[in-house]
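Shown below: protein_0.cif, with mmCIF, C-alpha atoms.
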```cif
data_query
#
loop_
_atom_site.label_atom_id
_atom_site.label_comp_id
_atom_site.auth_asym_id
_atom_site.auth_seq_id
_atom_site.Cartn_x
_atom_site.Cartn_y
_atom_site.Cartn_z
CA MET A 1 18.39 -13.88 0.73
CA ASN A 2 20.26 -10.71 -0.04
CA GLY A 3 18.84 -7.36 1.08
CA HIS A 4 16.67 -5.41 -1.34
CA ARG A 5 17.82 -2.07 -2.75
CA ARG A 6 14.97 0.41 -2.93
CA LEU A 7 14.84 2.91 -5.75
CA PRO A 8 11.96 5.39 -5.51
CA GLY A 9 9.41 4.86 -8.23
CA SER A 10 11.46 2.37 -10.18
CA ALA A 11 12.64 -1.21 -10.22
CA ALA A 12 15.79 -2.27 -8.41
CA ALA A 13 17.01 -5.82 -8.93
CA ASP A 14 19.04 -7.72 -6.36
CA GLY A 15 20.37 -11.26 -6.44
CA MET A 16 18.45 -13.83 -4.46
CA ASN A 17 18.88 -17.52 -3.96
CA SER A 18 15.75 -18.22 -6.05
CA GLY A 19 16.12 -15.46 -8.63
CA VAL A 20 15.85 -11.69 -8.76
CA CYS A 21 13.39 -9.63 -6.75
CA VAL A 22 12.35 -6.08 -7.59
CA GLN A 23 11.32 -3.70 -4.81
CA LEU A 24 8.78 -1.21 -6.10
CA MET A 25 7.92 2.02 -4.32
CA GLY A 26 6.12 5.25 -5.03
CA SER A 27 7.93 8.53 -5.66
CA ALA A 28 10.30 9.63 -2.91
CA SER A 29 8.53 12.96 -2.32
CA GLN A 30 5.14 11.26 -2.27
CA LEU A 31 6.19 8.63 0.28
CA ALA A 32 7.95 11.21 2.43
CA ALA A 33 4.83 13.37 2.54
CA GLU A 34 2.71 10.38 3.55
CA GLU A 35 5.17 9.44 6.31
CA ARG A 36 5.22 13.00 7.68
CA GLU A 37 1.42 13.02 7.79
CA VAL A 38 1.15 9.69 9.63
CA LEU A 39 4.01 10.24 12.05
CA SER A 40 3.57 13.97 12.74
CA VAL A 41 3.82 14.77 16.44
CA PRO A 42 1.78 17.64 17.94
CA SER A 43 3.94 20.18 19.73
CA GLN A 44 1.32 21.55 22.10
CA LYS A 45 0.20 19.84 25.30
CA THR A 46 -2.93 17.81 24.86
CA SER A 47 -5.11 15.19 26.56
CA THR A 48 -3.81 11.88 27.86
CA VAL A 49 -5.14 10.17 24.74
CA GLY A 50 -3.39 12.75 22.56
CA GLN A 51 -0.17 12.31 24.53
CA THR A 52 -0.34 8.55 24.10
CA ILE A 53 -0.84 8.89 20.34
CA ALA A 54 2.03 11.36 20.08
CA LEU A 55 4.28 9.04 22.07
CA LEU A 56 3.47 6.04 19.88
CA ARG A 57 4.13 8.09 16.76
CA LEU A 58 7.47 9.19 18.16
CA LEU A 59 8.50 5.60 18.91
CA ALA A 60 7.41 4.60 15.41
CA LYS A 61 9.61 7.16 13.68
CA ALA A 62 12.58 7.09 16.08
CA PRO A 63 15.74 5.71 14.44
CA ALA A 64 16.93 4.29 17.78
CA PRO A 65 15.49 3.37 21.21
CA LEU A 66 14.62 6.37 23.38
CA GLY A 67 14.79 6.99 27.12
CA VAL A 68 12.13 8.79 29.15
CA ASN A 69 14.06 12.09 29.26
CA ALA A 70 14.65 12.10 25.50
CA ILE A 71 10.96 11.43 24.88
CA SER A 72 9.98 14.13 27.35
CA ARG A 73 12.19 16.70 25.60
CA GLU A 74 11.03 15.73 22.13
CA LEU A 75 7.33 15.91 22.97
CA ASN A 76 7.52 18.68 25.55
CA PHE A 77 5.65 16.49 28.05
CA ALA A 78 6.45 16.19 31.76
CA PRO A 79 8.78 13.23 32.46
CA SER A 80 6.28 11.87 34.97
CA SER A 81 3.56 11.84 32.29
CA CYS A 82 5.86 10.09 29.83
CA PHE A 83 6.84 7.47 32.39
CA ARG A 84 3.22 6.76 33.35
CA ILE A 85 2.09 6.35 29.73
CA LEU A 86 5.15 4.28 28.80
CA LYS A 87 4.56 1.97 31.76
CA GLN A 88 0.99 1.33 30.63
CA LEU A 89 2.00 0.89 26.97
CA THR A 90 4.72 -1.58 27.98
CA GLU A 91 2.32 -3.63 30.10
CA ALA A 92 -0.07 -3.81 27.12
CA GLY A 93 2.69 -4.71 24.67
CA PHE A 94 2.53 -1.48 22.65
CA ALA A 95 5.98 -0.43 23.87
CA GLN A 96 9.03 -2.51 24.78
CA PHE A 97 11.45 -1.60 27.56
CA ASP A 98 15.10 -2.63 27.62
CA PRO A 99 16.25 -2.77 31.28
CA ARG A 100 19.91 -2.64 30.20
CA THR A 101 19.68 0.65 28.33
CA LYS A 102 16.57 2.02 30.08
CA CYS A 103 15.16 2.81 26.65
CA TYR A 104 11.89 2.15 24.86
CA THR A 105 10.95 0.97 21.38
CA LEU A 106 7.63 0.26 19.69
CA GLY A 107 6.08 -3.02 20.87
CA VAL A 108 4.79 -6.01 18.95
CA ALA A 109 1.16 -5.26 19.84
CA ALA A 110 1.36 -2.05 17.84
CA ALA A 111 2.44 -4.00 14.77
CA MET A 112 -0.40 -6.49 15.21
CA LEU A 113 -2.94 -3.70 15.57
CA GLY A 114 -1.54 -1.93 12.52
CA ARG A 115 -1.69 -5.10 10.46
CA ARG A 116 -5.39 -5.54 11.25
CA ALA A 117 -6.04 -1.88 10.39
CA LEU A 118 -4.77 -2.53 6.86
CA ASP A 119 -7.70 -4.87 6.21
CA PRO A 120 -10.34 -4.71 8.97
CA ALA A 121 -12.65 -7.25 7.31
CA ASN A 122 -9.76 -9.70 6.79
CA THR A 123 -10.67 -9.87 3.10
CA PHE A 124 -7.15 -10.50 1.86
CA ALA A 125 -6.73 -13.60 4.01
CA MET A 126 -10.07 -14.94 2.76
CA ILE A 127 -9.27 -14.55 -0.94
CA ARG A 128 -5.54 -15.23 -0.77
CA PRO A 129 -5.78 -18.82 -2.09
CA GLU A 130 -7.43 -17.52 -5.27
CA LEU A 131 -4.83 -14.77 -5.63
CA GLU A 132 -1.98 -17.26 -5.21
CA ALA A 133 -3.50 -19.53 -7.85
CA PHE A 134 -3.78 -16.55 -10.19
CA THR A 135 -0.12 -15.58 -9.72
CA GLU A 136 0.88 -19.17 -10.37
CA ARG A 137 -1.07 -19.26 -13.64
CA THR A 138 0.01 -15.84 -14.90
CA GLN A 139 3.51 -15.57 -13.36
CA THR A 140 2.56 -12.11 -12.04
CA SER A 141 2.84 -10.58 -8.60
CA MET A 142 -0.49 -9.51 -7.11
CA GLY A 143 -1.29 -6.39 -5.08
CA PHE A 144 -4.46 -6.17 -2.99
CA TRP A 145 -5.45 -2.52 -2.41
CA ARG A 146 -8.05 -1.04 -0.08
CA ARG A 147 -9.59 2.37 -0.52
CA ILE A 148 -9.21 4.18 2.81
CA ASP A 149 -10.74 7.57 2.01
CA ARG A 150 -11.72 9.81 -0.90
CA LYS A 151 -8.15 10.36 -2.02
CA ARG A 152 -6.01 7.37 -1.03
CA ILE A 153 -5.56 3.63 -1.24
CA ILE A 154 -3.35 1.39 0.86
CA LEU A 155 -1.65 -1.88 -0.02
CA ALA A 156 -3.38 -4.31 2.35
CA GLY A 157 -1.87 -7.51 0.96
CA PHE A 158 0.64 -8.81 -1.55
CA VAL A 159 1.37 -12.14 -3.24
CA GLU A 160 4.77 -12.60 -4.89
CA SER A 161 5.10 -14.21 -8.29
CA PRO A 162 6.77 -17.63 -8.54
CA ASN A 163 8.70 -16.21 -11.51
CA PRO A 164 12.48 -15.91 -10.86
CA MET A 165 12.23 -12.26 -11.99
CA ARG A 166 9.53 -10.83 -9.76
CA ILE A 167 8.15 -7.67 -8.21
CA HIS A 168 7.84 -6.91 -4.51
CA LEU A 169 5.67 -4.21 -2.92
CA SER A 170 5.74 -3.13 0.72
CA VAL A 171 2.44 -3.81 2.47
CA GLY A 172 1.16 -0.65 4.13
CA GLN A 173 2.30 1.82 1.50
CA ARG A 174 -0.29 4.41 0.54
CA LEU A 175 -0.89 5.96 -2.84
CA PRO A 176 -3.15 8.63 -4.33
CA LEU A 177 -6.44 7.04 -5.33
CA PHE A 178 -6.24 7.81 -9.04
CA ILE A 179 -2.62 6.99 -9.86
CA GLY A 180 -1.36 3.95 -11.76
CA ALA A 181 -3.47 1.17 -13.23
CA VAL A 182 -5.51 0.74 -10.03
CA GLY A 183 -6.14 4.49 -10.04
CA ARG A 184 -7.54 4.42 -13.57
CA ALA A 185 -9.79 1.52 -12.54
CA PHE A 186 -11.13 3.42 -9.53
CA ALA A 187 -11.67 6.53 -11.67
CA ALA A 188 -13.74 4.48 -14.10
CA GLU A 189 -15.73 2.70 -11.40
CA LEU A 190 -16.52 5.97 -9.63
CA GLY A 191 -17.83 7.47 -12.86
CA LEU A 192 -15.62 10.56 -12.97
CA SER A 193 -16.37 12.96 -15.82
CA ASP A 194 -13.63 14.15 -18.17
CA ALA A 195 -13.48 17.46 -16.29
CA GLU A 196 -13.13 15.63 -12.96
CA LEU A 197 -10.46 13.36 -14.45
CA GLN A 198 -8.50 16.40 -15.63
CA GLU A 199 -8.67 17.95 -12.15
CA GLU A 200 -7.54 14.76 -10.42
CA PHE A 201 -4.85 14.08 -13.02
CA SER A 202 -3.31 17.52 -12.46
CA GLN A 203 -2.64 16.63 -8.81
CA LEU A 204 -0.83 13.34 -9.49
CA ARG A 205 2.95 12.92 -9.48
CA TRP A 206 4.18 10.29 -11.91
CA GLN A 207 7.65 8.97 -12.65
CA SER A 208 6.79 9.16 -16.35
CA ALA A 209 3.38 10.76 -16.73
CA PRO A 210 1.03 9.73 -19.54
CA ASP A 211 -0.74 12.37 -21.61
CA LEU A 212 -4.05 13.50 -20.14
CA ALA A 213 -5.86 12.36 -23.29
CA GLU A 214 -4.24 8.92 -22.98
CA TYR A 215 -5.21 8.69 -19.30
CA ILE A 216 -8.84 9.60 -20.03
CA GLN A 217 -8.99 7.12 -22.91
CA GLN A 218 -7.67 4.34 -20.67
CA VAL A 219 -10.34 5.14 -18.07
CA ARG A 220 -13.00 4.92 -20.79
CA GLU A 221 -11.53 1.66 -22.04
CA TYR A 222 -11.85 0.15 -18.57
CA ARG A 223 -15.58 0.75 -18.68
CA ARG A 224 -15.70 -1.49 -21.75
CA THR A 225 -13.22 -4.22 -20.75
CA GLY A 226 -13.27 -4.24 -16.94
CA TYR A 227 -9.49 -3.83 -16.62
CA THR A 228 -6.83 -1.24 -17.37
CA ILE A 229 -3.08 -1.32 -18.02
CA ASP A 230 -0.30 1.01 -16.89
CA PRO A 231 2.68 0.42 -19.24
CA GLY A 232 5.41 1.84 -17.01
CA HIS A 233 4.05 5.32 -16.31
CA PHE A 234 3.80 4.90 -12.55
CA ALA A 235 7.01 2.86 -12.26
CA PRO A 236 9.35 2.70 -15.27
CA GLY A 237 10.13 -0.84 -16.32
CA VAL A 238 7.02 -2.29 -14.70
CA THR A 239 3.64 -3.00 -16.33
CA THR A 240 0.52 -3.30 -14.18
CA VAL A 241 -2.94 -4.63 -15.03
CA ALA A 242 -5.72 -3.73 -12.61
CA THR A 243 -9.39 -3.99 -11.76
CA VAL A 244 -11.66 -2.97 -8.87
CA LEU A 245 -13.65 -5.26 -6.57
CA ARG A 246 -16.82 -4.25 -4.83
CA ASP A 247 -17.42 -5.27 -1.23
CA ALA A 248 -20.44 -7.15 0.10
CA VAL A 249 -22.60 -4.01 0.15
CA GLY A 250 -21.56 -2.83 -3.30
CA GLY A 251 -18.92 -0.32 -2.28
CA ARG A 252 -15.96 0.17 -4.60
CA THR A 253 -13.51 -0.75 -1.89
CA PHE A 254 -10.77 -3.04 -3.20
CA GLY A 255 -8.33 -2.99 -6.09
CA LEU A 256 -6.36 -5.87 -7.61
CA SER A 257 -3.15 -5.26 -9.55
CA ALA A 258 -1.27 -7.93 -11.49
CA ILE A 259 2.34 -6.84 -11.98
CA ARG A 260 5.13 -7.94 -14.30
CA ILE A 261 8.46 -6.50 -15.41
CA SER A 262 7.97 -4.82 -18.79
CA GLY A 263 9.51 -6.48 -21.82
CA HIS A 264 8.94 -10.00 -20.54
CA MET A 265 5.48 -10.23 -22.14
CA THR A 266 3.78 -8.96 -25.29
CA ASP A 267 0.86 -6.51 -25.32
CA SER A 268 -1.53 -9.32 -26.21
CA GLU A 269 -0.29 -11.34 -23.23
CA PHE A 270 -0.92 -8.39 -20.89
CA HIS A 271 -4.43 -8.07 -22.30
CA ALA A 272 -4.91 -11.78 -21.71
CA ILE A 273 -3.95 -11.20 -18.07
CA GLY A 274 -6.56 -8.43 -18.01
CA GLY A 275 -9.22 -10.85 -19.19
CA ALA A 276 -8.13 -13.39 -16.58
CA LEU A 277 -8.28 -10.67 -13.92
CA VAL A 278 -11.86 -9.83 -14.86
CA GLU A 279 -12.77 -13.52 -14.58
CA LEU A 280 -11.06 -13.68 -11.17
CA LYS A 281 -13.08 -10.64 -10.14
CA ARG A 282 -16.30 -12.40 -11.17
CA GLN A 283 -15.38 -15.52 -9.20
CA LEU A 284 -14.44 -13.56 -6.09
CA THR A 285 -17.59 -11.45 -6.24
CA GLU A 286 -19.78 -14.55 -6.47
CA GLY A 287 -17.76 -16.55 -3.96
CA TRP A 288 -15.59 -15.20 -1.17
CA LEU A 289 -16.77 -11.56 -1.22
CA GLY A 290 -20.39 -12.63 -1.16
CA ARG A 291 -19.78 -14.17 2.27
CA ILE A 292 -17.99 -11.23 3.86
#
```

Would you write out, as structure tokens, the structure that this file holds?
Amino acid sequence: MNGHRRLPGSAAADGMNSGVCVQLMGSASQLAAEEREVLSVPSQKTSTVGQTIALLRLLAKAPAPLGVNAISRELNFAPSSCFRILKQLTEAGFAQFDPRTKCYTLGVAAAMLGRRALDPANTFAMIRPELEAFTERTQTSMGFWRRIDRKRIILAGFVESPNPMRIHLSVGQRLPLFIGAVGRAFAAELGLSDAELQEEFSQLRWQSAPDLAEYIQQVREYRRTGYTIDPGHFAPGVTTVATVLRDAVGGRTFGLSAIRISGHMTDSEFHAIGGALVELKRQLTEGWLGRI
């Protein structure tokens, strides 16, 4: 498989043995801001727990392995403190030590912990067979989103389409709650008023923004149909159909997005996918999600 090219907020096609894959990302400024927030390292001295967190964040963002002295200088921590924490992290698998270079990198245990944090209830794994069957029937790629706070969602799972021309999303990427097709769905489910929609809309950064009136109308339409469509506003050249799933206690927690390259299907076919998505939502709500 050839490497993917990544173009912020758009589709980039690369040759693959089985076809062409498109790597889809949010806007460059948006993703950079999210990364700075997650990986920011406090400059002041702090508790042992705070030092450990800062050290893990540094290893996560470092472009190359780091030695104790380099870590000490970067974090302004005593070398002895860095060594003690690194020794414990290495023993637990959260850091990895290379005896040849005397340098440290992030360990596998950190990746495993992070993967579980994406979906604490393991919902994606439970409903994945249904999502895979859906992608097979509709020739779409499927994103599984989890609402993590009042303003953001995170991609907790992804199923690639069997179609030779297909979309790929990076699991773990975070987006503003109300952007794209999934964002319109959440806005509808949460019952935002037109005034609230206008306020939230003004804070979103789109690659090709829809009109506010169009955005509001699409949110209203979701309340009638149960799905919404983004025809290339979030990512030019890509059309997304989305709905929202409630969790076992009724919380509006999860989003599903069916994704296809624009121009490969008619409007009526995308609406048919929307109807199929609503039926999938009904089946999941009555089946898998009812047992979470």

Could you give me, as a compact mmCIF listing (two decimals) with C-alpha atoms, in the coordinates of the input, the residues within 6 Å of stretch 142-145 of chain A, counting all atoms listed in the file and dropping anything in the same chain fewer than 4 positions from it?
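This is the output file result-v3.txt:
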```txt
# COMPACT_ATOMS: atom_id res chain seq x y z
CA ILE A 154 -3.35 1.39 0.86
CA LEU A 155 -1.65 -1.88 -0.02
CA ALA A 156 -3.38 -4.31 2.35
CA GLY A 157 -1.87 -7.51 0.96
CA PHE A 158 0.64 -8.81 -1.55
CA VAL A 159 1.37 -12.14 -3.24
CA PHE A 254 -10.77 -3.04 -3.20
CA GLY A 255 -8.33 -2.99 -6.09
CA LEU A 256 -6.36 -5.87 -7.61
CA SER A 257 -3.15 -5.26 -9.55
CA ALA A 258 -1.27 -7.93 -11.49
```

**Message:** Show me, as an NGL selection string, the residues that have an atom within 9 Å of A:Phe186 when counting only C-alpha atoms, minus same-chain residues fewer than 5 positions from it.
**Reply:** :A and (177-178 or 181 or 191 or 219 or 243-244 or 252 or 255)

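Using all atoms listed in the file, the smallest distance between any of A:Val238, A:Ala213, A:Ile127, A:Leu197 and A:Gln283 comes from A:Ile127.
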
**Residue nearest A:Leu131 among A:Ala78, A:Ile216, A:Leu277, A:Ala242 (counting only C-alpha atoms)** =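 Smallest distance to A:Leu131 is found for A:Leu277.
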
**Asked** atom CA of A:Ser161 to atom CA of A:Ser141: how many Å, to one decimal?
**Response**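 About the pair atom CA of A:Ser161 and atom CA of A:Ser141: they are 4.3 Å apart.
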
**Message:** Please enumerate the residues selected by the PyMOL selection byres ((chain A and resi 224-234) around 6) when evaluated against the supplied file, formatted as a list in words.
**Reply:** Gly180, Ala181, Trp206, Gln207, Ser208, Ala209, Glu221, Tyr222, Arg223, Ala235, Pro236, Gly237, Val238, Thr239, Thr240, Val241, Ala242, Thr243 and Gly274 of chain A

Atoms to include: C-alpha atoms. Write the selected residues as a PDB file, in the frame of the given file.
```
ATOM      1  CA  GLY A 180      -1.360   3.950 -11.760  1.00  0.00           C
ATOM      2  CA  ALA A 181      -3.470   1.170 -13.230  1.00  0.00           C
ATOM      3  CA  TRP A 206       4.180  10.290 -11.910  1.00  0.00           C
ATOM      4  CA  GLN A 207       7.650   8.970 -12.650  1.00  0.00           C
ATOM      5  CA  SER A 208       6.790   9.160 -16.350  1.00  0.00           C
ATOM      6  CA  ALA A 209       3.380  10.760 -16.730  1.00  0.00           C
ATOM      7  CA  GLU A 221     -11.530   1.660 -22.040  1.00  0.00           C
ATOM      8  CA  TYR A 222     -11.850   0.150 -18.570  1.00  0.00           C
ATOM      9  CA  ARG A 223     -15.580   0.750 -18.680  1.00  0.00           C
ATOM     10  CA  ALA A 235       7.010   2.860 -12.260  1.00  0.00           C
ATOM     11  CA  PRO A 236       9.350   2.700 -15.270  1.00  0.00           C
ATOM     12  CA  GLY A 237      10.130  -0.840 -16.320  1.00  0.00           C
ATOM     13  CA  VAL A 238       7.020  -2.290 -14.700  1.00  0.00           C
ATOM     14  CA  THR A 239       3.640  -3.000 -16.330  1.00  0.00           C
ATOM     15  CA  THR A 240       0.520  -3.300 -14.180  1.00  0.00           C
ATOM     16  CA  VAL A 241      -2.940  -4.630 -15.030  1.00  0.00           C
ATOM     17  CA  ALA A 242      -5.720  -3.730 -12.610  1.00  0.00           C
ATOM     18  CA  THR A 243      -9.390  -3.990 -11.760  1.00  0.00           C
ATOM     19  CA  GLY A 274      -6.560  -8.430 -18.010  1.00  0.00           C
TER      20      GLY A 274
END
```

**Selection dump of the PyMOL selection byres ((chain A and resi 109) around 12), as JSON, numbers by chain** = {"A": [56, 89, 90, 91, 92, 93, 94, 95, 96, 105, 106, 107, 108, 110, 111, 112, 113, 114, 115, 116]}

**Message:** So the first atom is atom CA of A:Gly172 and the second is atom CA of A:Gln88; what is the distance between them in Å, to one decimal place?
**Reply:**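 Computing the Euclidean distance for atom CA of A:Gly172 and atom CA of A:Gln88 yields 26.6 Å.
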
**Prompt:** Which of these residues is nearest to A:Ala133, using all atoms listed in the file: A:Arg57, A:Arg282, A:Ala185, A:Ala276?
**Reply:** A:Ala276

**Request:** Would you mind reading off the distance between atom CA of A:Gln198 and atom CA of A:Arg174, one decimal, in Å?
**Result:**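 It comes out at 21.7 Å.
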
**Prompt:** Looking at only C-alpha atoms, which of A:Glu286, A:Thr52, A:Leu280, A:Val171 is the one that sits closest to A:Glu130?
**Reply:**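 Closest residue, counting only C-alpha atoms: A:Leu280.
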
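Using all atoms listed in the file, the nearest neighbour of A:Thr101 within the list A:Leu192, A:Ala64, A:Ile85, A:Leu58 is A:Ala64.
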
**Prompt:** Restricting the calculation to all atoms listed in the file, which member of A:Asp267, A:Glu199, A:Arg84, A:Pro65 is positioned closest to A:Arg100?
**Reply:**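 Checking each of A:Asp267, A:Glu199, A:Arg84, A:Pro65 against A:Arg100, counting all atoms listed in the file, the winner is A:Pro65.
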
I would like the residues chosen by the PyMOL selection byres ((chain A and resi 67) around 8) on the shown file; could you give them as an mmCIF file with C-alpha atoms, in the frame of the given file?
```
data_model
loop_
_atom_site.group_PDB
_atom_site.id
_atom_site.type_symbol
_atom_site.label_atom_id
_atom_site.label_comp_id
_atom_site.auth_asym_id
_atom_site.auth_seq_id
_atom_site.Cartn_x
_atom_site.Cartn_y
_atom_site.Cartn_z
ATOM 1 C CA PRO A 65 15.490 3.370 21.210
ATOM 2 C CA LEU A 66 14.620 6.370 23.380
ATOM 3 C CA VAL A 68 12.130 8.790 29.150
ATOM 4 C CA ASN A 69 14.060 12.090 29.260
ATOM 5 C CA ALA A 70 14.650 12.100 25.500
ATOM 6 C CA ILE A 71 10.960 11.430 24.880
ATOM 7 C CA LYS A 102 16.570 2.020 30.080
ATOM 8 C CA CYS A 103 15.160 2.810 26.650
ATOM 9 C CA TYR A 104 11.890 2.150 24.860
#
```

Test item: axis-aligned box, all listed atoms of stretch 79-97 of chain A, 3 Å on each side, centre and edges in Å rounded to one decimal, as AutoDock Vina command-line options:
```
--center_x 5.7 --center_y 4.3 --center_z 28.8 --size_x 17.5 --size_y 23.9 --size_z 18.3
```
